Amino acid sequence: MNTGFVSCKAVRIALASSASALVLGFANPALAQDDADDTTSANPVIVVTAQFREQALQDTPLAITAINSEMLSARNQDDIEAIARQAPSVTLNEMGGAYGASMGASIRGIGQFDFNPAYEPGVGLYIDDVYYPTLTGANFDLLDLDRVEVLRGPQGTLTGRNSIGGAIKLFSQKPNPTPSGSVEASYGSRNRMEVRGSANFPLTDSLYGRVSAVHKEQDGYVDQIDYGCAFPNNPEGIMPAATTNNDCVVDKLGGVNYSGVRGSLLWEGDRVEVMIIGDYQHSDRTSAAEVPIIAEGDASNFLCGDFCTYASWALPAAGQAGNWTTGNRNEFTGWGVSGHIDVELSDTMQLQSITAYREYNNKWGTDDDFTPTLTRAAGGYNDLDFWFVSQELRLNVELGDLADLTVGGFYSDQRSVYFTIQDIRYIVPGLPLQFQGDDPINADSKAAFATLILHPTPNMNITGGIRYTEEHKDYTFQRRNLDGTTPLSPDPFGLGPLHDLTAVYDGDRVDWRISADYRFSPEVLAYVTASTGFKGGGVTARPFIPQHALQGSFGPETVTSYEGGLKTDLLDNRVRLNIAAFYNKYTDVQLPLSDCTEYGGGPCAVIANAGDGKIWGVEAELMAEPVEGLMIDASLTLLDSEYDEVAAAVGTSIQAGDPIVSPTFQASAGIQYEIEMNGSGSITPRIDISHRGEDFRGYALDAASTDFRNYKAYTLGNARLTWRNEDRDLSIALEVTNLFDTYYQPFRFDAVYGFAGTAYAQVGEPREWRVSVRKDF
């Protein structure tokens, strides 16, 4: 039976006639064509489940990018971050060392980049329809995937809270009755070694299993250099580390050491389908590849170069602390399990249940000033525990030819415990802020939702949706001495009263959506949509005094979006062009304050609903196969935005009239051509180009140079040459990423510049090569 609910007879016919083509079509029309009888159709029907039921992609009145595993491989994409380079208006960035093993995400300029569990994501991440609730651990390996769906724009009624920017859904391959498997091994630059494989096997006539696994490792590309070794007679008096090598390189930052496994069981009855999925992942790597970009005052000698740093993750004795090292390692361990039950209550009614549990632990050290030693230094050790449980029920009903209805409910409960040791010496030199935290954070949400799709005429649909959400969060602060005792002593900044203090946020929200679409011909569909979404409220996670916590709760930020789109299949279905234009009214934006006068004063890290603005733009996606074997794909994003109002307490970091969204221009293009070799298989050269325009960052580093207001634009190129044998079960590929060896900095950490005079930035991977061999069984 089908796990999604089929809403129209045309999709039923398409599923029956070409199931594999439905899954593979948009992302790889040439491959889908191999499985279809119609060899003139480059873009056969594909199916997505964005509206709780199986619908043809080109019939769904949403801006969706669909990518299958074959295209991910063709584009050299094996983790979720890489998807952003081809999908319009999407930014995904594996965060810097200060943020642990987390992923920053935004769509159409709305998202979140702070890992702290007090703050909510702005892009909903889903694995097999199960919500992944945090940024930590979200840089998923794309292991044994069937497809990825990227939904752009607020999904408040469909996926709920925290999908204010959009949603990214990963769907793994399901077990099936056909025995099959694959294994792939790779070797490349910087001792890159990777092996991944999968196996599908029937256990009985109605029970099937599937297992997949991956391991990958690679040396880093930023040298962590021992300053005392490199400059033996340095004026700072820094001695060499005892473990330094002859070349003074202590370690390589930006390394990879990751293992993951996923298993699933599927049982099919006459009207019942049950699937259980489990996964495990472990990563133990060096900190992110980052380099200092500003070093002033007594840090002026600590600029190193494009791919090196003198950061030591070490602090000399001061205050409560002796000489100590926070450590440059980042270790993540997580696992999850989910159960999916689909019951066909009748030919027109289906009940779906999705139950899930997930937990993880992340440990990492930080060097916040990013120097070998500094009187205004700062560092920390972090240990974040997390668990999450959720339950979702959906009832899908076909109301004859008139309408399709989905009603449902969702509940989730989660708990984080954030242990940290903080040693902050830059606020007042000689007066360190030192404490141990062990903060429990509880959060839960519940929602009820409904979506109704009316079919007033054969070519027209009207969709309405509504969702009511309640959410709760409480954060209990623990502030102890470094030896674990209380009260804090000394306590120069008054953190002691925060100990055992609980800050609470409660809120509710109604989201709605109304959409109309009309099919003018088999080739052209147009739609208009108005919808809302929100990012959940919370509490200030880094208070300095009790008022910051007790008064520093904030409400949800919200968006109302108006969108129109055109979906087309042209020239005998050989060209697919989808276009969307939108206008977003963005209100109650959650922003950091620099002036805490209204919250009792003191150093300020309060988050508040402190801005309103608007975002507008146009997106386009192209997929074409002009002749058999030649595939072209492209995407384009043009965005603009501005803040209408910004509270004075935000300070000068963000001002009215500043852009909300950046960059304003993104584009990508790819082309490949499969060349048959007269009985010796085929070779397929492919090249991909992606461009990201200048990215506005703000004014935080103006004192150093106004050049730092923007991240510079950059263009990346990837190339791949693949040979496949005649039976198409063996392939050898040579690929080169960052073909032009572009030097770029996608993200930076400048929060301590005003105190320590330093800032540092992530650097992208340089040009690399890889050879891969894959065998299918």
# chains A, B, ... in the order shown; residues from 1 in each chain; ligands from 1
$ select_by_dssp --residues "range 526-688 of chain A" --states "strand (DSSP E)" --output "VMD selection string"
chain A and resid 526 to 535 557 to 570 575 to 592 607 to 624 630 to 646 665 to 673 675 to 676 682 to 688
$ residues_around --residues "Val211 in chain A" --least-positions-apart "4" --cutoff "6 Å" --atoms "only C-alpha atoms" --output "ChimeraX atom specification"
/A:198-199,262-263
$ write_last_selection --atoms "all heavy atoms" --output "short mmCIF file (atom, residue, chain, number, x, y, z; two decimals), in the first residue's frame"
data_model
loop_
_atom_site.label_atom_id
_atom_site.label_comp_id
_atom_site.auth_asym_id
_atom_site.auth_seq_id
_atom_site.Cartn_x
_atom_site.Cartn_y
_atom_site.Cartn_z
N SER A 198 24.62 -0.07 1.35
CA SER A 198 23.24 -0.34 1.76
C SER A 198 22.86 -1.74 1.29
O SER A 198 23.44 -2.27 0.34
CB SER A 198 22.27 0.69 1.16
OG SER A 198 22.23 0.59 -0.25
N ALA A 199 21.89 -2.32 1.98
CA ALA A 199 21.39 -3.64 1.60
C ALA A 199 19.89 -3.67 1.87
O ALA A 199 19.43 -3.23 2.93
CB ALA A 199 22.09 -4.74 2.40
N ARG A 262 21.80 3.39 9.54
CA ARG A 262 20.35 3.47 9.58
C ARG A 262 19.79 2.11 9.23
O ARG A 262 20.27 1.43 8.31
CB ARG A 262 19.82 4.51 8.60
CG ARG A 262 18.28 4.57 8.54
CD ARG A 262 17.76 5.50 7.45
NE ARG A 262 18.10 6.87 7.73
CZ ARG A 262 18.72 7.69 6.90
NH1 ARG A 262 19.10 7.26 5.71
NH2 ARG A 262 18.97 8.94 7.24
N GLY A 263 18.74 1.69 9.95
CA GLY A 263 18.06 0.44 9.65
C GLY A 263 16.57 0.65 9.66
O GLY A 263 16.05 1.49 10.40
#
$ residues_around --residues "Gln224 in chain A" --least-positions-apart "2" --cutoff "10 Å" --atoms "only C-alpha atoms" --output "short mmCIF file (atom, residue, chain, number, x, y, z; two decimals) with N, CA, C and O atoms, in the first residue's frame"
data_model
loop_
_atom_site.label_atom_id
_atom_site.label_comp_id
_atom_site.auth_asym_id
_atom_site.auth_seq_id
_atom_site.Cartn_x
_atom_site.Cartn_y
_atom_site.Cartn_z
N GLY A 220 42.00 17.96 8.39
CA GLY A 220 41.57 19.34 8.27
C GLY A 220 42.45 20.14 7.33
O GLY A 220 43.46 19.66 6.82
N TYR A 221 42.07 21.41 7.11
CA TYR A 221 42.79 22.23 6.14
C TYR A 221 43.23 23.59 6.69
O TYR A 221 43.76 24.42 5.95
N VAL A 222 43.02 23.82 7.97
CA VAL A 222 43.55 25.01 8.63
C VAL A 222 44.56 24.56 9.67
O VAL A 222 44.23 23.77 10.57
N ASP A 226 51.49 26.34 16.87
CA ASP A 226 51.98 26.70 18.20
C ASP A 226 52.78 27.99 18.08
O ASP A 226 53.89 28.02 17.53
N TYR A 227 52.21 29.08 18.61
CA TYR A 227 52.85 30.39 18.47
C TYR A 227 54.22 30.41 19.15
O TYR A 227 55.19 30.97 18.61
N CYS A 248 55.82 22.91 13.98
CA CYS A 248 55.03 23.77 14.88
C CYS A 248 53.53 23.65 14.66
O CYS A 248 52.76 24.42 15.23
N VAL A 249 53.08 22.71 13.84
CA VAL A 249 51.65 22.50 13.62
C VAL A 249 51.14 21.54 14.69
O VAL A 249 51.55 20.38 14.76
N VAL A 250 50.23 22.04 15.50
CA VAL A 250 49.68 21.24 16.59
C VAL A 250 48.57 20.33 16.09
O VAL A 250 48.46 19.17 16.50
N ASP A 251 47.73 20.84 15.18
CA ASP A 251 46.58 20.07 14.70
C ASP A 251 46.09 20.68 13.40
O ASP A 251 46.56 21.75 12.97
N LYS A 252 45.12 20.01 12.78
CA LYS A 252 44.48 20.48 11.56
C LYS A 252 43.00 20.69 11.85
O LYS A 252 42.28 19.74 12.18
N LEU A 253 42.54 21.92 11.72
CA LEU A 253 41.14 22.24 11.98
C LEU A 253 40.30 22.00 10.75
O LEU A 253 40.78 22.14 9.62
N ALA A 289 37.04 24.93 10.75
CA ALA A 289 38.16 25.57 10.05
C ALA A 289 37.97 27.08 10.09
O ALA A 289 37.22 27.65 9.30
N GLU A 290 38.66 27.73 11.02
CA GLU A 290 38.50 29.17 11.21
C GLU A 290 39.86 29.83 11.33
O GLU A 290 40.83 29.22 11.81
N VAL A 291 39.92 31.11 10.92
CA VAL A 291 41.16 31.88 10.98
C VAL A 291 40.85 33.27 11.52
O VAL A 291 39.75 33.79 11.32
N CYS A 304 47.56 35.26 11.30
CA CYS A 304 48.42 34.17 10.84
C CYS A 304 48.47 34.08 9.32
O CYS A 304 49.52 34.19 8.71
N PHE A 307 45.09 30.16 5.85
CA PHE A 307 44.72 28.83 6.30
C PHE A 307 45.51 28.43 7.55
O PHE A 307 45.99 27.30 7.66
N CYS A 308 45.65 29.35 8.50
CA CYS A 308 46.32 28.99 9.74
C CYS A 308 45.84 29.89 10.86
O CYS A 308 45.29 30.97 10.64
N THR A 309 46.06 29.43 12.09
CA THR A 309 45.69 30.18 13.28
C THR A 309 46.64 29.84 14.41
O THR A 309 47.20 28.74 14.45
N TYR A 310 46.81 30.81 15.32
CA TYR A 310 47.60 30.57 16.53
C TYR A 310 46.69 30.28 17.73
O TYR A 310 47.19 30.20 18.87
N ALA A 311 45.41 30.14 17.52
CA ALA A 311 44.50 29.83 18.63
C ALA A 311 44.96 28.57 19.33
O ALA A 311 45.38 27.59 18.70
N SER A 312 44.85 28.59 20.67
CA SER A 312 45.43 27.48 21.44
C SER A 312 44.41 26.73 22.28
O SER A 312 44.73 25.67 22.81
N ASN A 328 40.19 21.45 21.55
CA ASN A 328 39.71 21.83 20.21
C ASN A 328 38.87 20.73 19.56
O ASN A 328 38.62 20.77 18.35
#
$ residues_around --residues "Gln51 in chain A" --least-positions-apart "6" --cutoff "12 Å" --atoms "only C-alpha atoms" --output "PDB file with N, CA and C atoms, in the first residue's frame"
ATOM      1  N   GLY A   4       1.535   7.501   1.543  1.00  0.00           N
ATOM      2  CA  GLY A   4       0.859   8.781   1.415  1.00  0.00           C
ATOM      3  C   GLY A   4      -0.560   8.553   0.957  1.00  0.00           C
ATOM      4  N   PHE A   5      -1.416   9.582   1.085  1.00  0.00           N
ATOM      5  CA  PHE A   5      -2.809   9.453   0.698  1.00  0.00           C
ATOM      6  C   PHE A   5      -2.994  10.079  -0.663  1.00  0.00           C
ATOM      7  N   VAL A   6      -3.453   9.308  -1.645  1.00  0.00           N
ATOM      8  CA  VAL A   6      -3.557   9.768  -3.017  1.00  0.00           C
ATOM      9  C   VAL A   6      -4.832  10.578  -3.185  1.00  0.00           C
ATOM     10  N   SER A   7      -4.704  11.774  -3.748  1.00  0.00           N
ATOM     11  CA  SER A   7      -5.823  12.692  -3.766  1.00  0.00           C
ATOM     12  C   SER A   7      -6.512  12.800  -5.113  1.00  0.00           C
ATOM     13  N   LEU A  57       4.267  16.872  -8.194  1.00  0.00           N
ATOM     14  CA  LEU A  57       5.005  18.084  -7.883  1.00  0.00           C
ATOM     15  C   LEU A  57       4.442  19.286  -8.626  1.00  0.00           C
ATOM     16  N   ASP A  59       1.534  19.779  -9.632  1.00  0.00           N
ATOM     17  CA  ASP A  59       0.157  20.100  -9.241  1.00  0.00           C
ATOM     18  C   ASP A  59       0.077  20.720  -7.851  1.00  0.00           C
ATOM     19  N   THR A  60       1.209  20.858  -7.162  1.00  0.00           N
ATOM     20  CA  THR A  60       1.216  21.321  -5.772  1.00  0.00           C
ATOM     21  C   THR A  60       1.451  22.824  -5.731  1.00  0.00           C
ATOM     22  N   PRO A  61       0.515  23.606  -5.160  1.00  0.00           N
ATOM     23  CA  PRO A  61       0.633  25.068  -5.181  1.00  0.00           C
ATOM     24  C   PRO A  61       1.585  25.595  -4.107  1.00  0.00           C
ATOM     25  N   LEU A  62       2.806  25.123  -4.164  1.00  0.00           N
ATOM     26  CA  LEU A  62       3.857  25.540  -3.244  1.00  0.00           C
ATOM     27  C   LEU A  62       5.160  25.666  -4.014  1.00  0.00           C
ATOM     28  N   ILE A  64       8.509  24.404  -4.257  1.00  0.00           N
ATOM     29  CA  ILE A  64       9.199  23.207  -3.770  1.00  0.00           C
ATOM     30  C   ILE A  64      10.361  22.873  -4.695  1.00  0.00           C
ATOM     31  N   ASP A 129       9.458  12.450   7.813  1.00  0.00           N
ATOM     32  CA  ASP A 129       8.275  13.102   8.377  1.00  0.00           C
ATOM     33  C   ASP A 129       8.339  13.271   9.890  1.00  0.00           C
ATOM     34  N   GLU A 149      12.960  17.180  -0.137  1.00  0.00           N
ATOM     35  CA  GLU A 149      12.008  18.217  -0.514  1.00  0.00           C
ATOM     36  C   GLU A 149      12.347  19.490   0.254  1.00  0.00           C
ATOM     37  N   LEU A 151      10.829  23.076   0.939  1.00  0.00           N
ATOM     38  CA  LEU A 151       9.627  23.887   0.841  1.00  0.00           C
ATOM     39  C   LEU A 151       9.980  25.315   1.239  1.00  0.00           C
ATOM     40  N   GLN A 155       5.469  27.567   6.385  1.00  0.00           N
ATOM     41  CA  GLN A 155       4.678  26.332   6.341  1.00  0.00           C
ATOM     42  C   GLN A 155       3.900  26.174   7.646  1.00  0.00           C
ATOM     43  N   GLY A 156       3.326  27.282   8.126  1.00  0.00           N
ATOM     44  CA  GLY A 156       2.702  27.300   9.439  1.00  0.00           C
ATOM     45  C   GLY A 156       1.579  26.310   9.615  1.00  0.00           C
ATOM     46  N   THR A 157       0.785  26.041   8.565  1.00  0.00           N
ATOM     47  CA  THR A 157      -0.326  25.098   8.703  1.00  0.00           C
ATOM     48  C   THR A 157       0.084  23.678   8.371  1.00  0.00           C
ATOM     49  N   LEU A 158       1.160  23.515   7.600  1.00  0.00           N
ATOM     50  CA  LEU A 158       1.540  22.178   7.136  1.00  0.00           C
ATOM     51  C   LEU A 158       2.548  21.511   8.068  1.00  0.00           C
ATOM     52  N   THR A 159       3.617  22.206   8.404  1.00  0.00           N
ATOM     53  CA  THR A 159       4.618  21.618   9.297  1.00  0.00           C
ATOM     54  C   THR A 159       4.658  22.304  10.651  1.00  0.00           C
ATOM     55  N   ARG A 394      -2.678  11.777  11.793  1.00  0.00           N
ATOM     56  CA  ARG A 394      -3.325  12.435  10.663  1.00  0.00           C
ATOM     57  C   ARG A 394      -4.436  11.541  10.133  1.00  0.00           C
ATOM     58  N   ASN A 396      -6.677  11.331   6.785  1.00  0.00           N
ATOM     59  CA  ASN A 396      -6.879  11.812   5.419  1.00  0.00           C
ATOM     60  C   ASN A 396      -8.179  11.233   4.867  1.00  0.00           C
ATOM     61  N   ASP A 404     -10.674  17.007  -0.674  1.00  0.00           N
ATOM     62  CA  ASP A 404      -9.812  16.152   0.138  1.00  0.00           C
ATOM     63  C   ASP A 404      -9.559  16.871   1.456  1.00  0.00           C
ATOM     64  N   LEU A 405      -9.633  16.128   2.558  1.00  0.00           N
ATOM     65  CA  LEU A 405      -9.531  16.720   3.883  1.00  0.00           C
ATOM     66  C   LEU A 405      -8.469  15.992   4.696  1.00  0.00           C
ATOM     67  N   THR A 406      -7.662  16.755   5.406  1.00  0.00           N
ATOM     68  CA  THR A 406      -6.724  16.208   6.398  1.00  0.00           C
ATOM     69  C   THR A 406      -6.949  16.922   7.719  1.00  0.00           C
ATOM     70  N   VAL A 407      -7.130  16.161   8.784  1.00  0.00           N
ATOM     71  CA  VAL A 407      -7.172  16.718  10.134  1.00  0.00           C
ATOM     72  C   VAL A 407      -6.165  15.947  10.978  1.00  0.00           C
ATOM     73  N   PHE A 449      -4.524  20.665  13.628  1.00  0.00           N
ATOM     74  CA  PHE A 449      -4.461  21.272  12.302  1.00  0.00           C
ATOM     75  C   PHE A 449      -5.459  20.623  11.357  1.00  0.00           C
ATOM     76  N   ALA A 450      -5.767  21.346  10.298  1.00  0.00           N
ATOM     77  CA  ALA A 450      -6.660  20.843   9.258  1.00  0.00           C
ATOM     78  C   ALA A 450      -6.303  21.498   7.928  1.00  0.00           C
ATOM     79  N   THR A 451      -6.395  20.714   6.864  1.00  0.00           N
ATOM     80  CA  THR A 451      -6.212  21.212   5.493  1.00  0.00           C
ATOM     81  C   THR A 451      -7.330  20.657   4.630  1.00  0.00           C
ATOM     82  N   LEU A 452      -8.001  21.550   3.887  1.00  0.00           N
ATOM     83  CA  LEU A 452      -9.091  21.169   3.002  1.00  0.00           C
ATOM     84  C   LEU A 452      -8.752  21.627   1.592  1.00  0.00           C
ATOM     85  N   ILE A 453      -8.778  20.680   0.642  1.00  0.00           N
ATOM     86  CA  ILE A 453      -8.521  20.990  -0.765  1.00  0.00           C
ATOM     87  C   ILE A 453      -9.817  20.783  -1.536  1.00  0.00           C
ATOM     88  N   THR A 463      -7.355  25.656  -1.714  1.00  0.00           N
ATOM     89  CA  THR A 463      -6.827  25.000  -0.520  1.00  0.00           C
ATOM     90  C   THR A 463      -6.893  25.954   0.662  1.00  0.00           C
ATOM     91  N   GLY A 464      -7.410  25.457   1.768  1.00  0.00           N
ATOM     92  CA  GLY A 464      -7.420  26.220   3.003  1.00  0.00           C
ATOM     93  C   GLY A 464      -6.835  25.405   4.128  1.00  0.00           C
ATOM     94  N   GLY A 465      -6.092  26.057   4.997  1.00  0.00           N
ATOM     95  CA  GLY A 465      -5.486  25.354   6.120  1.00  0.00           C
ATOM     96  C   GLY A 465      -5.482  26.203   7.361  1.00  0.00           C
ATOM     97  N   ARG A 513      -3.727  29.460   6.033  1.00  0.00           N
ATOM     98  CA  ARG A 513      -3.267  29.458   4.640  1.00  0.00           C
ATOM     99  C   ARG A 513      -4.471  29.349   3.728  1.00  0.00           C
ATOM    100  N   SER A 515      -5.113  29.167  -0.611  1.00  0.00           N
ATOM    101  CA  SER A 515      -4.416  29.052  -1.892  1.00  0.00           C
ATOM    102  C   SER A 515      -5.403  28.674  -2.985  1.00  0.00           C
TER     103      SER A 515
END
$ closest_atom_pairs --of "range 366-481 of chain A" --to "range 100-104 of chain A" --cutoff "10 Å" --atoms "only C-alpha atoms" --output "Markdown table"
| residue | atom | partner | partner_atom | distance |
| --- | --- | --- | --- | --- |
| A:Thr366 | CA | A:Gly100 | CA | 8.6 |
| A:Asn382 | CA | A:Gly100 | CA | 8.2 |
| A:Asp383 | CA | A:Gly100 | CA | 9.4 |
| A:Leu384 | CA | A:Gly100 | CA | 9.2 |
$ closest_residue --among "A:Ala84, A:Ile110, A:Leu716, A:Ile277" --to "Thr558 in chain A" --atoms "only C-alpha atoms"
A:Ile110
$ residues_around --residues "Ser553 in chain A" --least-positions-apart "6" --cutoff "8 Å" --atoms "only C-alpha atoms" --output "list in words"
Ala503, Val504, Tyr505, Gly537, Gly538, Val539, Thr540, Ile607 and Ala608 of chain A
$ residues_around --residues "range 338-343 of chain A" --least-positions-apart "2" --cutoff "9 Å" --atoms "only C-alpha atoms" --output "number ranges by chain"
A: 1-4, 128, 130, 271-278, 336, 345-346, 349-358
$ atom_distance --atom1 "CA of Ala105 in chain A" --atom2 "CA of Val90 in chain A"
7.7 Å
$ residues_around --residues "range 687-693 of chain A" --least-positions-apart "3" --cutoff "8 Å" --atoms "only C-alpha atoms" --output "list of chain:residue names"
A:Arg75, A:Arg85, A:Gln86, A:Pro663, A:Thr664, A:Phe665, A:Gln666, A:Ala667, A:Ser668, A:Ala669, A:Gly670, A:Ile671, A:Gln672, A:Lys712, A:Ala713, A:Tyr714, A:Thr715, A:Leu716, A:Gly717, A:Asn718, A:Ala719, A:Arg720
$ write_last_selection --atoms "N, CA and C atoms" --output "PDB file, in the first residue's frame"
ATOM      1  N   ARG A  75      25.930  15.776  -8.255  1.00  0.00           N
ATOM      2  CA  ARG A  75      26.405  17.103  -7.858  1.00  0.00           C
ATOM      3  C   ARG A  75      27.453  17.054  -6.747  1.00  0.00           C
ATOM      4  N   ARG A  85      23.408  25.149  -2.227  1.00  0.00           N
ATOM      5  CA  ARG A  85      24.081  25.726  -3.388  1.00  0.00           C
ATOM      6  C   ARG A  85      23.233  25.653  -4.653  1.00  0.00           C
ATOM      7  N   GLN A  86      22.231  24.759  -4.694  1.00  0.00           N
ATOM      8  CA  GLN A  86      21.386  24.656  -5.869  1.00  0.00           C
ATOM      9  C   GLN A  86      19.942  25.072  -5.627  1.00  0.00           C
ATOM     10  N   PRO A 663      22.382  37.129   0.815  1.00  0.00           N
ATOM     11  CA  PRO A 663      22.574  38.051  -0.300  1.00  0.00           C
ATOM     12  C   PRO A 663      21.283  38.293  -1.089  1.00  0.00           C
ATOM     13  N   THR A 664      21.323  39.311  -1.932  1.00  0.00           N
ATOM     14  CA  THR A 664      20.165  39.606  -2.774  1.00  0.00           C
ATOM     15  C   THR A 664      20.178  38.777  -4.056  1.00  0.00           C
ATOM     16  N   PHE A 665      21.323  38.165  -4.376  1.00  0.00           N
ATOM     17  CA  PHE A 665      21.427  37.405  -5.624  1.00  0.00           C
ATOM     18  C   PHE A 665      22.117  36.069  -5.371  1.00  0.00           C
ATOM     19  N   GLN A 666      21.460  34.994  -5.781  1.00  0.00           N
ATOM     20  CA  GLN A 666      22.050  33.662  -5.788  1.00  0.00           C
ATOM     21  C   GLN A 666      21.690  32.986  -7.104  1.00  0.00           C
ATOM     22  N   ALA A 667      22.605  32.176  -7.598  1.00  0.00           N
ATOM     23  CA  ALA A 667      22.329  31.457  -8.843  1.00  0.00           C
ATOM     24  C   ALA A 667      23.150  30.185  -8.885  1.00  0.00           C
ATOM     25  N   SER A 668      22.658  29.203  -9.614  1.00  0.00           N
ATOM     26  CA  SER A 668      23.396  27.964  -9.830  1.00  0.00           C
ATOM     27  C   SER A 668      23.039  27.406 -11.198  1.00  0.00           C
ATOM     28  N   ALA A 669      23.932  26.605 -11.744  1.00  0.00           N
ATOM     29  CA  ALA A 669      23.672  25.945 -13.020  1.00  0.00           C
ATOM     30  C   ALA A 669      24.497  24.674 -13.084  1.00  0.00           C
ATOM     31  N   GLY A 670      23.942  23.656 -13.699  1.00  0.00           N
ATOM     32  CA  GLY A 670      24.654  22.398 -13.894  1.00  0.00           C
ATOM     33  C   GLY A 670      24.330  21.818 -15.254  1.00  0.00           C
ATOM     34  N   ILE A 671      25.296  21.126 -15.820  1.00  0.00           N
ATOM     35  CA  ILE A 671      25.081  20.488 -17.110  1.00  0.00           C
ATOM     36  C   ILE A 671      25.852  19.183 -17.152  1.00  0.00           C
ATOM     37  N   GLN A 672      25.232  18.144 -17.710  1.00  0.00           N
ATOM     38  CA  GLN A 672      25.910  16.875 -17.887  1.00  0.00           C
ATOM     39  C   GLN A 672      25.432  16.230 -19.185  1.00  0.00           C
ATOM     40  N   LYS A 712      32.139  38.819   1.243  1.00  0.00           N
ATOM     41  CA  LYS A 712      32.368  39.002  -0.183  1.00  0.00           C
ATOM     42  C   LYS A 712      31.633  37.941  -0.998  1.00  0.00           C
ATOM     43  N   ALA A 713      31.202  38.341  -2.189  1.00  0.00           N
ATOM     44  CA  ALA A 713      30.578  37.395  -3.117  1.00  0.00           C
ATOM     45  C   ALA A 713      31.601  36.342  -3.543  1.00  0.00           C
ATOM     46  N   TYR A 714      31.109  35.147  -3.853  1.00  0.00           N
ATOM     47  CA  TYR A 714      32.017  34.116  -4.344  1.00  0.00           C
ATOM     48  C   TYR A 714      31.277  33.161  -5.287  1.00  0.00           C
ATOM     49  N   THR A 715      32.063  32.520  -6.130  1.00  0.00           N
ATOM     50  CA  THR A 715      31.552  31.554  -7.093  1.00  0.00           C
ATOM     51  C   THR A 715      32.311  30.240  -6.915  1.00  0.00           C
ATOM     52  N   LEU A 716      31.577  29.155  -6.814  1.00  0.00           N
ATOM     53  CA  LEU A 716      32.178  27.838  -6.656  1.00  0.00           C
ATOM     54  C   LEU A 716      31.855  26.975  -7.861  1.00  0.00           C
ATOM     55  N   GLY A 717      32.789  26.131  -8.235  1.00  0.00           N
ATOM     56  CA  GLY A 717      32.577  25.189  -9.327  1.00  0.00           C
ATOM     57  C   GLY A 717      32.955  23.785  -8.902  1.00  0.00           C
ATOM     58  N   ASN A 718      32.169  22.809  -9.329  1.00  0.00           N
ATOM     59  CA  ASN A 718      32.470  21.398  -9.110  1.00  0.00           C
ATOM     60  C   ASN A 718      32.437  20.685 -10.448  1.00  0.00           C
ATOM     61  N   ALA A 719      33.279  19.692 -10.620  1.00  0.00           N
ATOM     62  CA  ALA A 719      33.305  18.914 -11.852  1.00  0.00           C
ATOM     63  C   ALA A 719      33.375  17.437 -11.509  1.00  0.00           C
ATOM     64  N   ARG A 720      32.762  16.626 -12.354  1.00  0.00           N
ATOM     65  CA  ARG A 720      32.724  15.189 -12.112  1.00  0.00           C
ATOM     66  C   ARG A 720      32.722  14.455 -13.448  1.00  0.00           C
TER      67      ARG A 720
END
$ closest_residue --among "A:Ala700, A:Phe749, A:Lys775, A:Glu296" --to "Trp723 in chain A" --atoms "only C-alpha atoms"
A:Lys775
$ select_by_dssp --residues "range 512-590 of chain A" --states "helix (DSSP H, G or I)" --output "list in words"
Pro546, Gln547, His548, Ala549 and Leu550 of chain A
$ atom_distance --atom1 "CA of Asn176 in chain A" --atom2 "CA of Leu265 in chain A"
9.4 Å
$ closest_residue --among "A:Arg147, A:Lys567, A:Arg542, A:Arg376" --to "Ala526 in chain A" --atoms "only C-alpha atoms"
A:Lys567
$ closest_residue --among "A:Gly533, A:Trp769, A:Val606, A:Ala299" --to "Val123 in chain A" --atoms "only C-alpha atoms"
A:Gly533
$ atom_distance --atom1 "CA of Gln55 in chain A" --atom2 "CA of Asn461 in chain A"
12.6 Å
